[in-house]
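Structure file run.cif (mmCIF, C-alpha atoms) is printed below.
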```cif
data_coords
loop_
_atom_site.label_atom_id
_atom_site.label_comp_id
_atom_site.auth_asym_id
_atom_site.auth_seq_id
_atom_site.Cartn_x
_atom_site.Cartn_y
_atom_site.Cartn_z
CA MET A 14 -10.02 -15.03 9.67
CA GLU A 15 -13.25 -15.17 7.67
CA PHE A 16 -14.57 -12.19 5.75
CA LYS A 17 -18.04 -10.80 6.19
CA THR A 18 -20.26 -8.10 4.78
CA TYR A 19 -20.09 -4.81 6.66
CA LYS A 20 -22.43 -1.87 6.65
CA GLY A 21 -20.23 1.14 7.20
CA ARG A 22 -20.15 4.91 7.14
CA ILE A 23 -17.55 7.31 5.76
CA GLU A 24 -16.12 9.19 8.73
CA GLN A 25 -13.36 11.13 6.98
CA LYS A 26 -12.30 12.03 3.45
CA GLU A 27 -9.10 13.76 2.33
CA GLU A 28 -7.37 14.45 -0.97
CA VAL A 29 -3.90 13.15 -0.05
CA ALA A 30 -2.33 13.76 -3.48
CA LEU A 31 -3.46 15.03 -6.87
CA LYS A 32 -6.69 13.18 -7.73
CA THR A 33 -5.92 10.66 -4.98
CA TYR A 34 -8.32 10.32 -2.06
CA SER A 35 -8.25 8.71 1.36
CA ILE A 36 -11.49 7.66 3.02
CA LYS A 37 -11.88 6.28 6.52
CA ILE A 38 -14.82 3.96 7.04
CA VAL A 39 -16.27 2.97 10.41
CA ASP A 40 -18.51 -0.01 11.11
CA SER A 41 -22.10 1.09 11.62
CA GLU A 42 -22.26 -1.33 14.57
CA GLY A 43 -19.11 0.08 16.16
CA GLY A 44 -16.04 -1.82 17.28
CA THR A 45 -12.58 -2.21 15.78
CA PHE A 46 -11.38 -4.00 12.67
CA ASP A 47 -9.33 -7.18 12.90
CA PHE A 48 -7.35 -8.18 9.81
CA THR A 49 -3.86 -9.00 8.61
CA PRO A 50 -1.92 -6.06 7.12
CA GLY A 51 -1.84 -6.32 3.35
CA GLN A 52 -5.45 -7.45 3.03
CA PHE A 53 -8.10 -5.53 1.10
CA ALA A 54 -11.79 -4.58 1.18
CA THR A 55 -14.23 -4.96 -1.70
CA LEU A 56 -16.62 -2.00 -1.82
CA THR A 57 -19.95 -1.73 -3.52
CA VAL A 58 -19.30 1.41 -5.62
CA GLY A 59 -22.45 1.30 -7.71
CA GLU A 60 -25.46 -0.86 -8.48
CA ASN A 61 -24.04 -4.38 -8.90
CA VAL A 62 -20.55 -2.88 -9.20
CA LYS A 63 -17.74 -3.76 -6.79
CA ARG A 64 -14.12 -2.66 -6.61
CA SER A 65 -11.29 -3.79 -4.32
CA TYR A 66 -8.88 -1.55 -2.40
CA SER A 67 -5.95 -2.35 -0.11
CA VAL A 68 -6.12 -1.06 3.45
CA ALA A 69 -3.61 1.60 4.52
CA SER A 70 -4.48 1.59 8.23
CA ILE A 71 -3.41 -0.98 10.79
CA PRO A 72 -5.52 -3.54 12.69
CA GLY A 73 -7.23 -2.60 15.93
CA LYS A 74 -8.51 0.79 14.78
CA PRO A 75 -12.21 1.74 14.78
CA TYR A 76 -11.91 2.43 11.05
CA ILE A 77 -10.25 1.17 7.89
CA GLU A 78 -8.49 3.65 5.62
CA LEU A 79 -8.65 3.14 1.86
CA ILE A 80 -6.67 5.18 -0.66
CA ALA A 81 -7.35 5.33 -4.40
CA ASP A 82 -6.35 7.49 -7.33
CA THR A 83 -9.13 8.57 -9.67
CA TRP A 84 -7.28 9.09 -12.94
CA LYS A 85 -9.01 6.25 -14.79
CA GLY A 86 -12.45 7.73 -14.21
CA GLY A 87 -14.28 4.42 -13.83
CA PRO A 88 -16.95 3.49 -11.26
CA GLY A 89 -14.39 3.19 -8.46
CA SER A 90 -12.84 6.55 -9.31
CA GLN A 91 -16.27 8.19 -9.38
CA PHE A 92 -17.12 6.64 -6.01
CA PHE A 93 -14.02 8.12 -4.35
CA GLU A 94 -14.46 11.51 -6.02
CA LYS A 95 -18.10 11.83 -4.99
CA ALA A 96 -17.80 10.25 -1.53
CA GLN A 97 -19.04 12.47 1.29
CA ILE A 98 -18.61 12.24 5.04
CA GLY A 99 -21.64 10.46 6.44
CA ASP A 100 -22.30 8.36 3.32
CA SER A 101 -23.23 4.73 3.90
CA VAL A 102 -21.11 2.06 2.27
CA GLU A 103 -21.26 -1.72 2.05
CA PHE A 104 -18.09 -3.81 1.81
CA LEU A 105 -16.65 -7.30 2.16
CA PHE A 106 -13.68 -7.53 4.50
CA PRO A 107 -11.01 -8.78 5.14
CA LEU A 108 -9.92 -10.39 1.86
CA GLY A 109 -6.67 -11.48 0.24
CA HIS A 110 -3.45 -13.31 1.06
CA PHE A 111 -0.84 -10.66 0.19
CA VAL A 112 0.59 -10.53 3.70
CA LEU A 113 4.00 -10.74 5.34
CA ARG A 114 5.46 -14.22 5.55
CA GLU A 115 6.93 -15.63 8.75
CA SER A 116 10.63 -15.10 8.09
CA GLN A 117 13.64 -13.35 9.55
CA ARG A 118 14.97 -12.52 6.10
CA PRO A 119 15.07 -8.82 5.19
CA ALA A 120 11.82 -7.68 3.58
CA HIS A 121 12.14 -5.44 0.53
CA PHE A 122 8.99 -3.72 -0.76
CA PHE A 123 8.65 -2.40 -4.32
CA ALA A 124 5.69 -0.11 -5.06
CA THR A 125 4.54 2.44 -7.58
CA GLY A 126 1.60 4.79 -7.08
CA THR A 127 -1.15 3.38 -4.90
CA GLY A 128 0.77 0.10 -4.77
CA VAL A 129 2.38 1.55 -1.63
CA VAL A 130 -0.92 1.35 0.30
CA PRO A 131 -0.70 -2.23 1.66
CA PHE A 132 2.96 -1.66 2.58
CA MET A 133 2.02 1.33 4.74
CA SER A 134 -0.09 -1.03 6.84
CA MET A 135 2.44 -3.88 6.87
CA ILE A 136 5.39 -1.72 7.87
CA GLU A 137 3.64 0.43 10.49
CA HIS A 138 2.09 -2.64 12.09
CA SER A 139 5.38 -4.56 12.17
CA LEU A 140 7.42 -1.70 13.61
CA ILE A 141 4.97 -0.03 16.00
CA THR A 142 2.24 -2.50 16.94
CA LEU A 143 4.37 -5.64 17.12
CA GLY A 144 7.61 -3.85 17.96
CA ASN A 145 10.85 -5.36 19.24
CA THR A 146 11.79 -6.69 15.81
CA THR A 147 15.28 -6.51 14.35
CA LYS A 148 14.05 -7.64 10.95
CA GLU A 149 15.20 -5.30 8.18
CA PHE A 150 12.56 -3.50 6.11
CA VAL A 151 13.27 -1.45 2.98
CA LEU A 152 10.57 0.30 0.95
CA TYR A 153 11.19 1.52 -2.60
CA SER A 154 8.26 3.77 -3.53
CA GLY A 155 7.97 5.34 -6.97
CA PHE A 156 5.77 8.13 -8.33
CA ARG A 157 5.89 10.29 -11.45
CA HIS A 158 5.50 13.79 -9.98
CA GLU A 159 5.81 15.43 -6.58
CA GLU A 160 2.08 16.16 -6.48
CA ASP A 161 1.37 12.41 -6.82
CA VAL A 162 3.17 11.48 -3.58
CA PHE A 163 1.28 10.42 -0.46
CA GLY A 164 2.20 8.53 2.70
CA LYS A 165 5.51 10.39 2.89
CA GLY A 166 4.93 11.82 6.38
CA LEU A 167 4.24 8.45 7.99
CA LEU A 168 7.02 6.64 6.16
CA GLU A 169 9.66 9.29 6.80
CA MET A 170 8.72 9.26 10.49
CA LEU A 171 9.17 5.50 10.62
CA ASP A 172 12.50 5.79 8.80
CA VAL A 173 13.78 8.26 11.39
CA ARG A 174 12.41 6.36 14.37
CA PHE A 175 13.50 2.83 13.43
CA GLU A 176 17.05 1.93 12.40
CA ASN A 177 15.85 -1.26 10.72
CA PHE A 178 13.56 0.57 8.24
CA LYS A 179 14.70 2.51 5.18
CA TYR A 180 12.36 4.52 2.95
CA LYS A 181 13.47 5.23 -0.62
CA LEU A 182 11.18 7.63 -2.48
CA ASN A 183 11.81 8.08 -6.21
CA LEU A 184 10.25 10.32 -8.85
CA THR A 185 10.52 9.62 -12.57
CA GLN A 186 9.36 13.04 -13.82
CA PRO A 187 10.26 15.60 -11.13
CA LYS A 188 10.25 19.34 -11.57
CA GLU A 189 13.54 21.08 -12.22
CA GLY A 190 15.54 21.48 -9.04
CA TYR A 191 14.05 18.49 -7.25
CA GLN A 192 16.53 17.34 -4.58
CA GLY A 193 15.30 13.79 -4.01
CA ASN A 194 15.97 10.46 -5.72
CA ILE A 195 15.20 10.38 -9.44
CA GLY A 196 14.53 7.37 -11.67
CA ARG A 197 12.70 4.09 -11.58
CA ILE A 198 12.78 1.92 -8.48
CA THR A 199 14.18 -0.97 -10.55
CA GLN A 200 17.59 0.67 -10.20
CA TYR A 201 17.72 -0.61 -6.62
CA ILE A 202 17.57 -4.22 -7.77
CA ASP A 203 20.98 -3.94 -9.42
CA ALA A 204 22.35 -2.49 -6.18
CA LEU A 205 21.18 -5.36 -3.94
CA THR A 206 24.10 -6.72 -1.93
CA SER A 207 22.21 -9.88 -0.93
CA THR A 208 19.55 -11.86 -2.75
CA ASP A 209 18.48 -13.79 0.35
CA ILE A 210 15.49 -11.53 0.88
CA ASP A 211 11.71 -11.65 0.80
CA ALA A 212 10.49 -9.31 -1.92
CA TYR A 213 6.98 -7.86 -2.03
CA ILE A 214 5.76 -6.06 -5.16
CA CYS A 215 2.58 -4.05 -5.64
CA GLY A 216 1.48 -1.87 -8.54
CA SER A 217 0.36 -2.13 -12.14
CA ASN A 218 0.52 -5.41 -14.06
CA GLN A 219 3.46 -4.23 -16.15
CA MET A 220 5.42 -2.91 -13.17
CA VAL A 221 4.92 -6.08 -11.13
CA THR A 222 5.92 -8.31 -14.04
CA ASP A 223 9.05 -6.26 -14.73
CA VAL A 224 10.23 -6.03 -11.11
CA LYS A 225 9.55 -9.72 -10.47
CA ALA A 226 11.55 -10.79 -13.52
CA ARG A 227 14.46 -8.52 -12.58
CA LEU A 228 14.54 -9.81 -9.00
CA ILE A 229 14.60 -13.43 -10.10
CA ALA A 230 17.25 -12.68 -12.73
CA LYS A 231 19.31 -11.03 -9.98
CA GLY A 232 19.15 -14.24 -7.97
CA VAL A 233 16.25 -13.80 -5.55
CA PRO A 234 14.52 -17.21 -5.29
CA ALA A 235 11.13 -17.15 -7.02
CA GLU A 236 9.46 -18.64 -3.94
CA GLN A 237 10.59 -15.56 -1.96
CA VAL A 238 8.93 -13.09 -4.34
CA PHE A 239 5.31 -12.13 -3.63
CA ASN A 240 3.09 -9.75 -5.53
CA GLU A 241 -0.27 -8.04 -5.83
CA MET A 242 -1.34 -6.49 -9.12
CA TYR A 243 -3.57 -3.43 -9.59
CA TYR A 244 -5.09 -3.80 -13.04
#
```
Mind converting the file's structure to structure tokens?
Amino acid sequence: MEFKTYKGRIEQKEEVALKTYSIKIVDSEGGTFDFTPGQFATLTVGENVKRSYSVASIPGKPYIELIADTWKGGPGSQFFEKAQIGDSVEFLFPLGHFVLRESQRPAHFFATGTGVVPFMSMIEHSLITLGNTTKEFVLYSGFRHEEDVFGKGLLEMLDVRFENFKYKLNLTQPKEGYQGNIGRITQYIDALTSTDIDAYICGSNQMVTDVKARLIAKGVPAEQVFNEMYY
């Protein structure tokens, strides 16, 4: 589908984790958004300044949900921090080709930080909207601290509801007494029992490069490894 320029309005804003914000944008002309899960929107965040963000929501909604952390403090961070309900926003959408491939192979998703955003859309859409799939989905999501985590409610619900989806949340720097999984998500690569999978990776340049190299070294065919980098 072709992208176009939208004039939208911020309908909802929420701090979903420490210095991480979700905004929901509706089309000023009304209607729902049609796109392929995994695609992104490019927002105008300042005069002649644009930034791109993956979409967390699923197609067919009257809004798109974008999630961004604001630690870097750049124009995009400032936009999300200062955004107010009712603000007008201009954006190009839908963009990108980081989408699920047509395959019955198990899909394994590797994400750190806001890299989990496109996978929230892909997985929810596949399991709930499309439904009736026996395809196996596994998400390995990594954060540093407990206060950095978002998306947990949705993903845990999907894990409980669907036998063919497993959600693995890991922290690398948890507080003392933390009862969940600890360590980097790369540990799961060594534990793979089959390399005939489709692997999707999203996160920082370094993380994507590392995970991709480890997957290929493990035996996952390079043509079955797909990635999106957040610089």
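The smallest atom-to-atom distance between Gln237 in chain A and any of A:Phe163, A:Leu143, A:Ser116, A:Glu169, using only C-alpha atoms, is found for A:Ser116.
Of the listed residues A:Thr147, A:Ser134, A:Ser101, A:Thr18, the one whose atoms come nearest to Ser67 in chain A is A:Ser134, with distances taken using all atoms listed in the file.
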Find, counting only C-alpha atoms, the residue in A:Phe111, A:Tyr213, A:Phe150, A:Tyr34 that gets nearest to Glu94 in chain A. A:Tyr34
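Ranking A:Ala204, A:Thr127, A:Arg197, A:Phe106 by their shortest atom-to-atom distance to Gly216 in chain A, with only C-alpha atoms included, puts A:Thr127 first.
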Using all atoms listed in the file, the shortest atom-to-atom distance to Ile71 in chain A among A:Thr45, A:Thr83, A:Asn183, A:Asn240 belongs to A:Thr45
Residues near Val112 in chain A, cut-off 8 Å, all atoms listed in the file, skip fewer than 3 positions along chain, as a ChimeraX atom specification: /A:49-52,135
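Across the structure, CA of Leu31 in chain A and CA of Gly109 in chain A are spaced 27.6 Å apart.
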What residues come out when you apply the PyMOL selection byres ((chain A and resi 159) around 10) to this file, written as a PyMOL selection string? chain A and resi 30-31+156-158+160-163+183-188+191+193
Choose the residue, out of A:Ala81, A:Met14, A:Val130, A:Val62, that has the smallest atom-to-atom separation from Leu108 in chain A; count only C-alpha atoms. A:Met14
Could you tell me how far CA of Arg22 in chain A sits from CA of Ile98 in chain A, in Å to one decimal place? 7.8 Å
